[in-house]
Amino acid sequence: MRRVVLTVFLVLGGMCLAKAQDSFSVDGFVYEYNGSEKGEVVLVDIEYWRVEDACEKRILHLPDAINYGNERLIVTTVGNKVLSDKGFDSLKELKMPANLRILGNSNIRDMANLQRVDIGEELMGDMGCNFSNLPLLRKLELPSSMEYIGTGSFVNIGVEHITLPDNIKSLWSDIYPTFCNLPSLSRLDLGGIEFVGRGVFNNMPQLKELRCSASLNEIAWEAFSGLGNLSVIYFDKRDGKEFILGGMTFVDCPLLKDVYVEDEVPFNVVWKQEAGGDRCFAPEDYTLHVPEGSVSAFSQSPFWSLFGNIIGDNAGIDQSIMSDDNSWKYEVGNNLLNVWSCGNLEISIVTVDGRPVYSVADAPNEVAIHLTQGIYLMCIGSDIVKFAVR
């Protein structure tokens with residue numbers, strides 16, 4: 001009996017020892033081997049003295065790679081909660097490993113003074129509850145490699161623009177809110193998103209326009225709410241692809257008045273309407289802008305006919321227009337605006353909600369301006385014209 005107990009003790013002791021040997025420290029950072037990839041390690045902790053040093057300097061740069069024994073090891077993963085609860089309130093700058101692919105949950109958060117963060121170019125996704133409670137962070141570049149965003153991320157953060165990478169196809173918000181309480185966000189690009197889940201976008205008071213790309217197939221119930229300044233929704237050309245609009249969405253968007261559609265032929269919209277009173281999507285209160293010549297078709301479409309006003313204004317159609325006095329001409333196509341004039345004319349361009357995008361006091365005879373998709377107003381000399389870029 002004693003031999004059996006001793007044998008079990010030695011086996012368990014060996015397991016504990018092996019476990020302890022799995023973690024190792026290099027220059028104040030604690031790692032474990034990544035069992036699935038040779039030559040890669042996971043950052044699992046930071047020693048106290050390294051935390052103190054970073055807080056004093058207000059900068060934390062996580063290593064890209066380390067030398068351990070006879071090996072050169074690449075840091076590709078940051079484990080769960082490695083940076084949280086470390087007292088990093090004073091940090092102004094954070095640089096993640098250059099080869100970071102997986103960001104564990106609850107890391108880049110609760111840093112009241114953080115103003116700059118570099119997450120590299122290889123990140124595949126975050127596991128949730130990141131990029132939160134960062135009120136001074138105004139800019140964040142998400143790499144094109146990202147494929148997913150965990151719930152609870154992008155909450156209480158000061159970023160002004162968010163562009164979602166095309167590889168991210170769906171967004172969810174389960175137990176924790178996602179994309180919530182973004183007081184400074186004025187521009188949101190959904191990239192290649194195909195599905196927006198319930199309650200994903202909430203309380204973004206500065207967002208004035210929303211573009212639904214051709215890839216977007218469905219906006220779920222309560223997907224957008226609390227967008228106090230949202231005034232315009234754009235639908236990129238869908239070529240007949242069906243769109244699903246959940247009920248109780250666009251709640252508390254009192255300034256929403258205009259919807260622009262690029263398609264000349266109405267596409268089918270499945271509206272899962274719910275009783276929500278005056279606080280929800282209310283097409284009877286909106287103006288629908290469609291290409292000239294398409295008003296009749298949209299007026300007879302089951303969903304689009306619900307709009308209170310339908311007008312044709314060349315939304316989404318490439319244009320070539322010359323002024324009445326032949327002093328200027330412009331053409332639009334392939335994200336490029338070309339303007340020809342007699343010279344010495346003032347040209348200024350703004351989005352339909354008034355955001356300046358281009359201005360020149362004394363334009364040359366020929367100007368080429370690259371613009372993103374959208375509806376614009378151009379003041380050229382004493383004339384004002386509206387055009388669409390697709």
# chains A, B, ... in the order shown; residues from 1 in each chain; ligands from 1
$ residues_around --residues "A:Thr178" --least-positions-apart "5" --cutoff "6 Å" --atoms "only C-alpha atoms" --output "PyMOL selection string"
chain A and resi 151-154+173+200
$ write_last_selection --atoms "C-alpha atoms" --output "tab-separated table (two decimals), in the first residue's frame"
chain	number	residue	atom	x	y	z
A	151	THR	CA	-17.77	40.34	-27.57
A	152	GLY	CA	-17.15	43.06	-25.01
A	153	SER	CA	-14.57	44.84	-27.18
A	154	PHE	CA	-14.65	48.50	-28.27
A	173	SER	CA	-22.74	40.90	-28.75
A	200	VAL	CA	-23.73	45.30	-31.43
$ residues_around --residues "stretch 356-373 of chain A" --least-positions-apart "4" --cutoff "10 Å" --atoms "only C-alpha atoms" --output "ChimeraX atom specification"
/A:211,213,234,236,316,328-352,377-381,388-390
$ closest_residue --among "A:Ser323, A:Ser106, A:Asn181, A:Ser25" --to "A:Met204" --atoms "only C-alpha atoms"
A:Asn181
$ atom_distance --atom1 "atom CA of A:Gly69" --atom2 "atom CA of A:Val26"
10.5 Å
$ atom_distance --atom1 "atom CA of A:Gly240" --atom2 "atom CA of A:Glu262"
11.0 Å
$ residues_around --residues "A:Ser84" --least-positions-apart "2" --cutoff "8 Å" --atoms "only C-alpha atoms" --output "tab-separated table (two decimals) with N, CA and C atoms, in the first residue's frame"
chain	number	residue	atom	x	y	z
A	81	LYS	N	-5.85	38.03	-19.95
A	81	LYS	CA	-5.67	38.89	-18.77
A	81	LYS	C	-4.22	39.10	-18.39
A	82	VAL	N	-3.32	39.07	-19.35
A	82	VAL	CA	-1.90	39.32	-19.06
A	82	VAL	C	-1.67	40.77	-18.65
A	86	LYS	N	-2.98	45.11	-13.70
A	86	LYS	CA	-1.56	45.35	-13.43
A	86	LYS	C	-1.30	46.80	-13.04
A	87	GLY	N	-2.34	47.63	-13.07
A	87	GLY	CA	-2.16	49.03	-12.71
A	87	GLY	C	-1.51	49.86	-13.80
A	88	PHE	N	-1.87	49.59	-15.06
A	88	PHE	CA	-1.28	50.30	-16.19
A	88	PHE	C	-2.01	51.60	-16.52
A	106	SER	N	-9.43	40.44	-22.34
A	106	SER	CA	-9.19	41.39	-21.24
A	106	SER	C	-7.73	41.79	-21.12
A	107	ASN	N	-7.16	42.32	-22.19
A	107	ASN	CA	-5.78	42.80	-22.16
A	107	ASN	C	-5.69	44.31	-22.39
A	108	ILE	N	-6.06	44.76	-23.58
A	108	ILE	CA	-5.94	46.19	-23.89
A	108	ILE	C	-7.20	46.88	-23.39
A	109	ARG	N	-7.21	47.22	-22.10
A	109	ARG	CA	-8.38	47.82	-21.48
A	109	ARG	C	-7.98	48.50	-20.18
A	110	ASP	N	-8.86	49.37	-19.71
A	110	ASP	CA	-8.69	50.04	-18.41
A	110	ASP	C	-7.36	50.76	-18.31
$ residues_around --residues "A:Gly125" --least-positions-apart "6" --cutoff "12 Å" --atoms "only C-alpha atoms" --output "list of chain:residue names"
A:Thr76, A:Thr77, A:Val78, A:Leu100, A:Arg101, A:Ile102, A:Leu103, A:Gly104, A:Asn105, A:Ile119, A:Leu142, A:Pro143, A:Ser144, A:Ser145, A:Met146, A:Glu147, A:Tyr148, A:Ile149, A:Gly150, A:Thr151, A:Ser153, A:Leu164, A:Pro165, A:Asn167, A:Ile168
$ write_last_selection --atoms "C-alpha atoms" --output "short mmCIF file (atom, residue, chain, number, x, y, z; two decimals), in the first residue's frame"
data_model
loop_
_atom_site.label_atom_id
_atom_site.label_comp_id
_atom_site.auth_asym_id
_atom_site.auth_seq_id
_atom_site.Cartn_x
_atom_site.Cartn_y
_atom_site.Cartn_z
CA THR A 76 2.70 35.06 -31.41
CA THR A 77 0.10 34.98 -28.62
CA VAL A 78 -0.73 37.07 -25.57
CA LEU A 100 1.01 38.75 -32.67
CA ARG A 101 -1.74 36.52 -34.08
CA ILE A 102 -3.98 35.82 -31.08
CA LEU A 103 -4.88 38.37 -28.42
CA GLY A 104 -6.40 36.80 -25.32
CA ASN A 105 -9.35 38.39 -23.57
CA ILE A 119 -1.15 45.79 -32.55
CA LEU A 142 -6.99 47.25 -37.29
CA PRO A 143 -4.83 45.02 -39.52
CA SER A 144 -6.31 43.44 -42.64
CA SER A 145 -5.42 40.01 -41.20
CA MET A 146 -8.16 40.20 -38.51
CA GLU A 147 -10.91 37.62 -38.89
CA TYR A 148 -12.94 38.05 -35.68
CA ILE A 149 -13.69 40.45 -32.84
CA GLY A 150 -14.78 39.03 -29.50
CA THR A 151 -17.77 40.34 -27.57
CA SER A 153 -14.57 44.84 -27.18
CA LEU A 164 -13.35 46.95 -40.00
CA PRO A 165 -11.08 44.65 -42.03
CA ASN A 167 -11.91 39.42 -43.42
CA ILE A 168 -14.32 39.99 -40.52
#
$ closest_residue --among "A:Tyr31, A:Phe179, A:Phe250, A:Trp271" --to "A:Cys129" --atoms "only C-alpha atoms"
A:Phe179
$ select_by_dssp --residues "stretch 79-316 of chain A" --states "alpha helix (DSSP H)" --output "ChimeraX atom specification"
/A:295-299
$ write_last_selection --atoms "N, CA and C atoms" --output "short mmCIF file (atom, residue, chain, number, x, y, z; two decimals), in the first residue's frame"
data_model
loop_
_atom_site.label_atom_id
_atom_site.label_comp_id
_atom_site.auth_asym_id
_atom_site.auth_seq_id
_atom_site.Cartn_x
_atom_site.Cartn_y
_atom_site.Cartn_z
N VAL A 295 -37.72 55.97 -59.70
CA VAL A 295 -38.70 56.34 -58.67
C VAL A 295 -39.95 55.48 -58.76
N SER A 296 -40.44 55.27 -59.96
CA SER A 296 -41.67 54.49 -60.13
C SER A 296 -41.49 53.06 -59.64
N ALA A 297 -40.35 52.44 -59.99
CA ALA A 297 -40.11 51.05 -59.58
C ALA A 297 -40.05 50.93 -58.06
N PHE A 298 -39.37 51.85 -57.41
CA PHE A 298 -39.27 51.79 -55.95
C PHE A 298 -40.62 52.11 -55.30
N SER A 299 -41.40 52.96 -55.92
CA SER A 299 -42.71 53.32 -55.37
C SER A 299 -43.67 52.14 -55.38
#
$ residues_around --residues "A:Asn229" --least-positions-apart "3" --cutoff "7 Å" --atoms "only C-alpha atoms" --output "PDB file with N, CA and C atoms, in the first residue's frame"
ATOM      1  N   PRO A 205     -22.944  58.794 -30.217  1.00  0.00           N
ATOM      2  CA  PRO A 205     -23.665  60.050 -30.456  1.00  0.00           C
ATOM      3  C   PRO A 205     -23.126  60.907 -31.588  1.00  0.00           C
ATOM      4  N   GLN A 206     -21.863  60.710 -32.012  1.00  0.00           N
ATOM      5  CA  GLN A 206     -21.279  61.545 -33.066  1.00  0.00           C
ATOM      6  C   GLN A 206     -21.361  60.923 -34.454  1.00  0.00           C
ATOM      7  N   LEU A 207     -21.829  59.685 -34.558  1.00  0.00           N
ATOM      8  CA  LEU A 207     -21.898  59.027 -35.865  1.00  0.00           C
ATOM      9  C   LEU A 207     -23.047  59.627 -36.671  1.00  0.00           C
ATOM     10  N   LYS A 208     -22.703  60.221 -37.823  1.00  0.00           N
ATOM     11  CA  LYS A 208     -23.695  60.929 -38.628  1.00  0.00           C
ATOM     12  C   LYS A 208     -24.134  60.163 -39.864  1.00  0.00           C
ATOM     13  N   CYS A 253     -32.735  57.120 -32.891  1.00  0.00           N
ATOM     14  CA  CYS A 253     -31.980  57.827 -33.939  1.00  0.00           C
ATOM     15  C   CYS A 253     -32.874  58.942 -34.473  1.00  0.00           C
ATOM     16  N   LEU A 255     -32.573  61.907 -35.670  1.00  0.00           N
ATOM     17  CA  LEU A 255     -32.219  62.747 -36.806  1.00  0.00           C
ATOM     18  C   LEU A 255     -32.166  61.991 -38.126  1.00  0.00           C
TER      19      LEU A 255
END
$ select_by_dssp --residues "stretch 79-232 of chain A" --states "strand (DSSP E)" --output "VMD selection string"
chain A and resid 93 to 95 102 to 103 116 to 118 125 to 126 132 to 134 148 to 149 155 to 157 161 to 163 170 to 171 187 to 189 195 to 196 201 to 202 209 to 212 218 to 219 224 to 225 232
$ decode --residues "stretch 196-228 of chain A" --atoms "N, CA and C atoms" --output "PDB file, in the first residue's frame"
ATOM      1  N   VAL A 196     -24.634  41.611 -38.845  1.00  0.00           N
ATOM      2  CA  VAL A 196     -24.487  42.380 -37.607  1.00  0.00           C
ATOM      3  C   VAL A 196     -25.516  41.866 -36.618  1.00  0.00           C
ATOM      4  N   GLY A 197     -25.036  41.304 -35.506  1.00  0.00           N
ATOM      5  CA  GLY A 197     -25.921  40.686 -34.530  1.00  0.00           C
ATOM      6  C   GLY A 197     -26.619  41.677 -33.623  1.00  0.00           C
ATOM      7  N   ARG A 198     -27.442  41.150 -32.767  1.00  0.00           N
ATOM      8  CA  ARG A 198     -28.267  41.960 -31.873  1.00  0.00           C
ATOM      9  C   ARG A 198     -27.408  42.800 -30.917  1.00  0.00           C
ATOM     10  N   GLY A 199     -27.753  44.074 -30.813  1.00  0.00           N
ATOM     11  CA  GLY A 199     -27.154  44.947 -29.814  1.00  0.00           C
ATOM     12  C   GLY A 199     -25.689  45.251 -30.005  1.00  0.00           C
ATOM     13  N   VAL A 200     -25.163  45.116 -31.224  1.00  0.00           N
ATOM     14  CA  VAL A 200     -23.727  45.300 -31.429  1.00  0.00           C
ATOM     15  C   VAL A 200     -23.324  46.771 -31.345  1.00  0.00           C
ATOM     16  N   PHE A 201     -24.041  47.648 -32.013  1.00  0.00           N
ATOM     17  CA  PHE A 201     -23.672  49.063 -32.053  1.00  0.00           C
ATOM     18  C   PHE A 201     -24.653  49.875 -31.209  1.00  0.00           C
ATOM     19  N   ASN A 202     -24.125  50.491 -30.155  1.00  0.00           N
ATOM     20  CA  ASN A 202     -24.998  51.213 -29.232  1.00  0.00           C
ATOM     21  C   ASN A 202     -24.309  52.456 -28.685  1.00  0.00           C
ATOM     22  N   ASN A 203     -25.054  53.537 -28.643  1.00  0.00           N
ATOM     23  CA  ASN A 203     -24.607  54.789 -28.038  1.00  0.00           C
ATOM     24  C   ASN A 203     -23.331  55.321 -28.692  1.00  0.00           C
ATOM     25  N   MET A 204     -23.499  55.800 -29.918  1.00  0.00           N
ATOM     26  CA  MET A 204     -22.412  56.453 -30.657  1.00  0.00           C
ATOM     27  C   MET A 204     -22.939  57.818 -31.111  1.00  0.00           C
ATOM     28  N   PRO A 205     -22.944  58.794 -30.217  1.00  0.00           N
ATOM     29  CA  PRO A 205     -23.665  60.050 -30.456  1.00  0.00           C
ATOM     30  C   PRO A 205     -23.126  60.907 -31.588  1.00  0.00           C
ATOM     31  N   GLN A 206     -21.863  60.710 -32.012  1.00  0.00           N
ATOM     32  CA  GLN A 206     -21.279  61.545 -33.066  1.00  0.00           C
ATOM     33  C   GLN A 206     -21.361  60.923 -34.454  1.00  0.00           C
ATOM     34  N   LEU A 207     -21.829  59.685 -34.558  1.00  0.00           N
ATOM     35  CA  LEU A 207     -21.898  59.027 -35.865  1.00  0.00           C
ATOM     36  C   LEU A 207     -23.047  59.627 -36.671  1.00  0.00           C
ATOM     37  N   LYS A 208     -22.703  60.221 -37.823  1.00  0.00           N
ATOM     38  CA  LYS A 208     -23.695  60.929 -38.628  1.00  0.00           C
ATOM     39  C   LYS A 208     -24.134  60.163 -39.864  1.00  0.00           C
ATOM     40  N   GLU A 209     -23.300  59.257 -40.351  1.00  0.00           N
ATOM     41  CA  GLU A 209     -23.682  58.498 -41.539  1.00  0.00           C
ATOM     42  C   GLU A 209     -23.242  57.053 -41.412  1.00  0.00           C
ATOM     43  N   LEU A 210     -24.009  56.172 -42.037  1.00  0.00           N
ATOM     44  CA  LEU A 210     -23.726  54.740 -41.994  1.00  0.00           C
ATOM     45  C   LEU A 210     -23.817  54.189 -43.412  1.00  0.00           C
ATOM     46  N   ARG A 211     -22.773  53.466 -43.829  1.00  0.00           N
ATOM     47  CA  ARG A 211     -22.762  52.875 -45.163  1.00  0.00           C
ATOM     48  C   ARG A 211     -22.918  51.363 -45.052  1.00  0.00           C
ATOM     49  N   CYS A 212     -23.945  50.842 -45.713  1.00  0.00           N
ATOM     50  CA  CYS A 212     -24.180  49.400 -45.766  1.00  0.00           C
ATOM     51  C   CYS A 212     -23.573  48.880 -47.062  1.00  0.00           C
ATOM     52  N   SER A 213     -22.455  48.207 -46.953  1.00  0.00           N
ATOM     53  CA  SER A 213     -21.748  47.719 -48.137  1.00  0.00           C
ATOM     54  C   SER A 213     -22.533  46.598 -48.804  1.00  0.00           C
ATOM     55  N   ALA A 214     -22.149  46.268 -50.029  1.00  0.00           N
ATOM     56  CA  ALA A 214     -22.843  45.234 -50.790  1.00  0.00           C
ATOM     57  C   ALA A 214     -22.738  43.872 -50.127  1.00  0.00           C
ATOM     58  N   SER A 215     -21.721  43.666 -49.308  1.00  0.00           N
ATOM     59  CA  SER A 215     -21.541  42.364 -48.650  1.00  0.00           C
ATOM     60  C   SER A 215     -22.513  42.156 -47.489  1.00  0.00           C
ATOM     61  N   LEU A 216     -23.056  43.240 -46.924  1.00  0.00           N
ATOM     62  CA  LEU A 216     -23.915  43.132 -45.753  1.00  0.00           C
ATOM     63  C   LEU A 216     -25.250  42.503 -46.118  1.00  0.00           C
ATOM     64  N   ASN A 217     -25.555  41.355 -45.492  1.00  0.00           N
ATOM     65  CA  ASN A 217     -26.779  40.621 -45.796  1.00  0.00           C
ATOM     66  C   ASN A 217     -27.874  40.822 -44.767  1.00  0.00           C
ATOM     67  N   GLU A 218     -27.473  41.051 -43.491  1.00  0.00           N
ATOM     68  CA  GLU A 218     -28.502  41.121 -42.448  1.00  0.00           C
ATOM     69  C   GLU A 218     -28.070  42.016 -41.298  1.00  0.00           C
ATOM     70  N   ILE A 219     -29.003  42.840 -40.856  1.00  0.00           N
ATOM     71  CA  ILE A 219     -28.876  43.600 -39.616  1.00  0.00           C
ATOM     72  C   ILE A 219     -29.907  43.041 -38.659  1.00  0.00           C
ATOM     73  N   ALA A 220     -29.460  42.484 -37.554  1.00  0.00           N
ATOM     74  CA  ALA A 220     -30.354  41.774 -36.644  1.00  0.00           C
ATOM     75  C   ALA A 220     -31.135  42.743 -35.748  1.00  0.00           C
ATOM     76  N   TRP A 221     -32.006  42.170 -34.977  1.00  0.00           N
ATOM     77  CA  TRP A 221     -32.864  42.900 -34.032  1.00  0.00           C
ATOM     78  C   TRP A 221     -31.995  43.742 -33.100  1.00  0.00           C
ATOM     79  N   GLU A 222     -32.345  45.026 -32.960  1.00  0.00           N
ATOM     80  CA  GLU A 222     -31.641  45.948 -32.048  1.00  0.00           C
ATOM     81  C   GLU A 222     -30.156  46.087 -32.368  1.00  0.00           C
ATOM     82  N   ALA A 223     -29.775  45.883 -33.621  1.00  0.00           N
ATOM     83  CA  ALA A 223     -28.351  45.929 -33.958  1.00  0.00           C
ATOM     84  C   ALA A 223     -27.762  47.324 -33.806  1.00  0.00           C
ATOM     85  N   PHE A 224     -28.531  48.357 -34.117  1.00  0.00           N
ATOM     86  CA  PHE A 224     -28.080  49.736 -33.987  1.00  0.00           C
ATOM     87  C   PHE A 224     -29.060  50.496 -33.097  1.00  0.00           C
ATOM     88  N   SER A 225     -28.533  51.207 -32.115  1.00  0.00           N
ATOM     89  CA  SER A 225     -29.401  52.015 -31.257  1.00  0.00           C
ATOM     90  C   SER A 225     -28.587  53.124 -30.602  1.00  0.00           C
ATOM     91  N   GLY A 226     -29.264  54.167 -30.219  1.00  0.00           N
ATOM     92  CA  GLY A 226     -28.605  55.274 -29.528  1.00  0.00           C
ATOM     93  C   GLY A 226     -27.639  56.050 -30.398  1.00  0.00           C
ATOM     94  N   LEU A 227     -27.971  56.199 -31.690  1.00  0.00           N
ATOM     95  CA  LEU A 227     -27.130  56.980 -32.607  1.00  0.00           C
ATOM     96  C   LEU A 227     -27.796  58.337 -32.782  1.00  0.00           C
ATOM     97  N   GLY A 228     -27.603  59.204 -31.806  1.00  0.00           N
ATOM     98  CA  GLY A 228     -28.364  60.449 -31.705  1.00  0.00           C
ATOM     99  C   GLY A 228     -28.212  61.400 -32.862  1.00  0.00           C
TER     100      GLY A 228
END
